[in-house]
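**Student:** Sharing a structure, written as structure tokens. Questions coming.
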Amino acid sequence: MKRRMILMLAVAGIFIATIAAIKTRQIQAGIKQGASFQPPPESVTTVIAKKEQWPTTWSSIGSVTAVHGVTVSADLPGIVERIQFESGQTVGAGAVLVRLDTKQEQAQLAAAEAARNLSDLNLRRAKGLVEQGISAQADLDRLAAEQKQALARAGEIRATIERKTIRAPFSGVLGIRQVNLGQYLEGGGAVVPLQSVRPVYVNFSVPQQQVAALKVGSGIHVAAEGGDAVAADGRVTAIDSVVNESTRNIQVQATFDNKDGKLRPGMFVKTNVGLGSAEPAITIPTSAIKYAPYGDSVFIVEDVTGPKGQKYLGVRQQFVKLGNSRGDQVAVLTGVKPGETVVTSGVFKLRTGAAVNVNNKVQPGNNPAPKPEDS
């Protein structure tokens, strides 16, 4: 019985050892096969980096402002008797917009003119009496003062009547009417907004580092998003004398003719202002950049030597310093040399040493001034 137990244990031990040896060989073979495994090359597109003349510009966000812009209001209270404009109408300086009721002032003017006429007669009579020695000079002086008072009173009433005729203070485009016929209008009550839109200002900010290169007269291009794709060119006309302490930016004002009237006050626009002559820079598509918190990088395609000395087409990750962008392109200040082959699509699936297969049948955008189909 004891001999049989020993024999069974020996057989079981031999079986386990055999299984263990087989599995060990299988694992070693798998490790060896995994070490020699090469992932298939990633399909990418590429472009040859080249040096171009890159315009020195600064892009910012601006706001359109009217050269003159007010809400026309009533100088004196009164009842609206006549409205002589339409909402959205273009008017010239001095155009009559609203007339208020002046019946009471007209009656007062008639009385004042009658009093003035009487004072004129009294003054002429008094002059004759003084010349004849009948009246004293003091009476003539009193009547002369009364005549001037009557004249001033009539002039005051005429001015009141004129102030109840509300006119456009300058040429421009009216907004939406804010009064109705027969409405009692308080002094200072709003009548209609009026904006002078030819020309207009665009205000934007520039960092203090760029102020030295910015000059009055520099060209500027603006574009506004919308169905009409508003775009216009103008000139820088004023640079603020104070730098904002919070942002360290300086306010800049540009003037645009705006002959077509598409730039409207309050409109949000993207500005692009020239800061001097063009400078040479390496340009590549923005799709080639792999953005990361620790730094931006690109992948350079080159011949790579594998662990066993084999040569294959692979990539090398290269960190870069970027400049301004323009359309589909971005300027690379450092990190890329002219003539190097840069991956333009598929960068997020690459790593240093990864094998690649270049297929440039379909390329990403690389246009400095793209025009999308839906623009």
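Just so we're on the same page: first chain in the structure tokens is A, next is B, and so on; residues restart at 1 for each chain, and ligands are numbered from 1 in the order they show up.
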Neighbours of segment 101-110 of chain A within 7 Å (only C-alpha atoms; same-chain residues fewer than 5 positions away dropped), as a PDB file with C-alpha atoms, in the first residue's frame?
**Tutor:**
ATOM      1  CA  GLY A  78     -44.964 118.983 -24.867  1.00  0.00           C
ATOM      2  CA  ILE A  79     -47.497 116.966 -26.842  1.00  0.00           C
ATOM      3  CA  VAL A  80     -46.277 115.323 -30.057  1.00  0.00           C
ATOM      4  CA  GLU A  81     -48.139 117.089 -32.859  1.00  0.00           C
ATOM      5  CA  ALA A 154     -40.663 138.075 -27.888  1.00  0.00           C
ATOM      6  CA  ILE A 157     -40.905 132.888 -26.852  1.00  0.00           C
ATOM      7  CA  ARG A 158     -39.619 132.401 -30.424  1.00  0.00           C
ATOM      8  CA  ILE A 161     -41.175 127.551 -30.164  1.00  0.00           C
TER       9      ILE A 161
END
**Student:** Tell me which protein, DNA and RNA residues are within 9 Å of segment 51-58 of chain A, counting only C-alpha atoms, leaving out same-chain ones fewer than 4 positions away, and put them as a list of chain:residue names.
**Tutor:**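 Counting only the stated atoms, we get A:Val206, A:Gln210, A:Thr271, A:Asn272, A:Val273, A:Gly274, A:Leu275, A:Gly276, A:Ser277, A:Ala278, A:Glu279, A:Pro280, A:Ala281, A:Ile282, A:Thr283, A:Asn324, A:Ala331, A:Lys337, A:Pro338, A:Gly339.
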**Student:** Export C-alpha atoms of the chosen residues as a PDB file, in the first residue's frame?
**Tutor:**
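File produced: selection_27.pdb:
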ATOM      1  CA  VAL A 206      -2.989  95.606 -28.562  1.00  0.00           C
ATOM      2  CA  GLN A 210       3.409  95.412 -29.912  1.00  0.00           C
ATOM      3  CA  THR A 271      -9.305  92.708 -36.546  1.00  0.00           C
ATOM      4  CA  ASN A 272      -5.998  92.063 -38.293  1.00  0.00           C
ATOM      5  CA  VAL A 273      -3.547  94.960 -38.227  1.00  0.00           C
ATOM      6  CA  GLY A 274      -0.163  95.142 -39.935  1.00  0.00           C
ATOM      7  CA  LEU A 275       2.813  95.786 -37.646  1.00  0.00           C
ATOM      8  CA  GLY A 276       5.525  96.314 -40.243  1.00  0.00           C
ATOM      9  CA  SER A 277       7.282  94.538 -43.100  1.00  0.00           C
ATOM     10  CA  ALA A 278       7.013  90.787 -43.669  1.00  0.00           C
ATOM     11  CA  GLU A 279       9.519  88.455 -41.970  1.00  0.00           C
ATOM     12  CA  PRO A 280      10.768  85.006 -43.079  1.00  0.00           C
ATOM     13  CA  ALA A 281       9.175  82.067 -41.228  1.00  0.00           C
ATOM     14  CA  ILE A 282       8.646  78.319 -41.616  1.00  0.00           C
ATOM     15  CA  THR A 283       4.980  77.715 -42.476  1.00  0.00           C
ATOM     16  CA  ASN A 324       0.871  83.800 -35.469  1.00  0.00           C
ATOM     17  CA  ALA A 331       4.332  80.122 -38.424  1.00  0.00           C
ATOM     18  CA  LYS A 337      14.138  73.400 -40.600  1.00  0.00           C
ATOM     19  CA  PRO A 338      13.317  74.109 -44.248  1.00  0.00           C
ATOM     20  CA  GLY A 339      13.119  70.910 -46.285  1.00  0.00           C
TER      21      GLY A 339
END
**Student:** Which one is closest to Leu174 of chain A: A:Glu86, A:Asp257, A:Glu186, A:Asn203? Count only C-alpha atoms.
**Tutor:** A:Glu86
**Student:** Just give me the gap between atom CA of Lys23 of chain A and atom CA of Ile6 of chain A in Å, one decimal is fine.
**Tutor:**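 So the two atoms, atom CA of Lys23 of chain A and atom CA of Ile6 of chain A, lie 25.8 Å apart.
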**Student:** Would you give me, as JSON lines, each residue of segment 209-260 of chain A having an atom within 6 Å of an atom of segment 188-201 of chain A, along with its shortest atom pair and that distance in Å to one decimal, using only C-alpha atoms and sorting by chain and residue number?
**Tutor:**
{"residue": "A:Ala254", "atom": "CA", "partner": "A:Tyr201", "partner_atom": "CA", "distance": 5.6}
{"residue": "A:Thr255", "atom": "CA", "partner": "A:Tyr201", "partner_atom": "CA", "distance": 4.7}
{"residue": "A:Phe256", "atom": "CA", "partner": "A:Val200", "partner_atom": "CA", "distance": 5.5}
{"residue": "A:Asp257", "atom": "CA", "partner": "A:Pro199", "partner_atom": "CA", "distance": 4.4}
{"residue": "A:Asn258", "atom": "CA", "partner": "A:Arg198", "partner_atom": "CA", "distance": 5.5}
**Student:** Measuring between only C-alpha atoms, which one of A:Val202, A:Val236, A:Gln183, A:Ala17 shows the shortest distance to Leu214 of chain A?
**Tutor:**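 For Leu214 of chain A, the nearest of the given residues is A:Val236.
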**Student:** What's the 8 Å shell around Ser119 of chain A, counting only C-alpha atoms, without same-chain residues fewer than 6 positions away, as a list in words?
**Tutor:**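 That gives Leu143, Ala144, Glu146, Gln147 and Ala150 of chain A.
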**Student:** Per DSSP on the backbone, what are the alpha helix (DSSP H) residues of segment 95-186 of chain A, as JSON, numbers by chain?
**Tutor:** {"A": [103, 104, 105, 106, 107, 108, 109, 110, 111, 112, 113, 114, 115, 116, 117, 118, 119, 120, 121, 122, 123, 124, 125, 126, 127, 128, 129, 130, 131, 132, 137, 138, 139, 140, 141, 142, 143, 144, 145, 146, 147, 148, 149, 150, 151, 152, 153, 154, 155, 156, 157, 158, 159, 160, 161, 162, 163]}
**Student:** Neighbours of segment 309-312 of chain A within 10 Å (only C-alpha atoms; same-chain residues fewer than 2 positions away dropped), as a list in words?
**Tutor:**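 Those residues are Pro41, Glu302, Asp303, Val304, Thr305, Gly306, Pro307, Gly314, Val315, Gly353, Ala354, Ala355 and Val356 of chain A.
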**Student:** What would the file look like if the residues just selected were written as a compact mmCIF listing (two decimals), in the first residue's frame with N, CA and C atoms?
**Tutor:**
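New file selection15.txt:
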# COMPACT_ATOMS: atom_id res chain seq x y z
N PRO A 41 2.58 50.01 -39.87
CA PRO A 41 2.82 51.46 -39.98
C PRO A 41 1.51 52.24 -40.03
N GLU A 302 11.46 60.64 -41.06
CA GLU A 302 12.85 60.38 -41.42
C GLU A 302 13.13 58.88 -41.33
N ASP A 303 14.29 58.46 -41.80
CA ASP A 303 14.70 57.06 -41.70
C ASP A 303 15.09 56.76 -40.26
N VAL A 304 14.51 55.67 -39.72
CA VAL A 304 14.74 55.29 -38.33
C VAL A 304 15.40 53.93 -38.30
N THR A 305 16.35 53.74 -37.38
CA THR A 305 17.02 52.45 -37.19
C THR A 305 16.36 51.71 -36.03
N GLY A 306 15.88 50.48 -36.30
CA GLY A 306 15.22 49.67 -35.30
C GLY A 306 16.18 49.03 -34.32
N PRO A 307 15.66 48.31 -33.29
CA PRO A 307 16.51 47.68 -32.27
C PRO A 307 17.49 46.67 -32.86
N GLY A 314 10.09 56.18 -40.27
CA GLY A 314 9.44 56.45 -38.99
C GLY A 314 9.36 57.94 -38.71
N VAL A 315 9.00 58.28 -37.47
CA VAL A 315 8.83 59.69 -37.10
C VAL A 315 9.61 60.01 -35.84
N GLY A 353 9.57 57.16 -33.02
CA GLY A 353 9.99 55.86 -33.51
C GLY A 353 8.91 55.07 -34.20
N ALA A 354 7.67 55.56 -34.22
CA ALA A 354 6.58 54.83 -34.85
C ALA A 354 6.78 54.77 -36.36
N ALA A 355 6.49 53.61 -36.94
CA ALA A 355 6.58 53.44 -38.40
C ALA A 355 5.38 54.11 -39.05
N VAL A 356 5.59 54.71 -40.23
CA VAL A 356 4.51 55.41 -40.92
C VAL A 356 4.50 55.02 -42.37
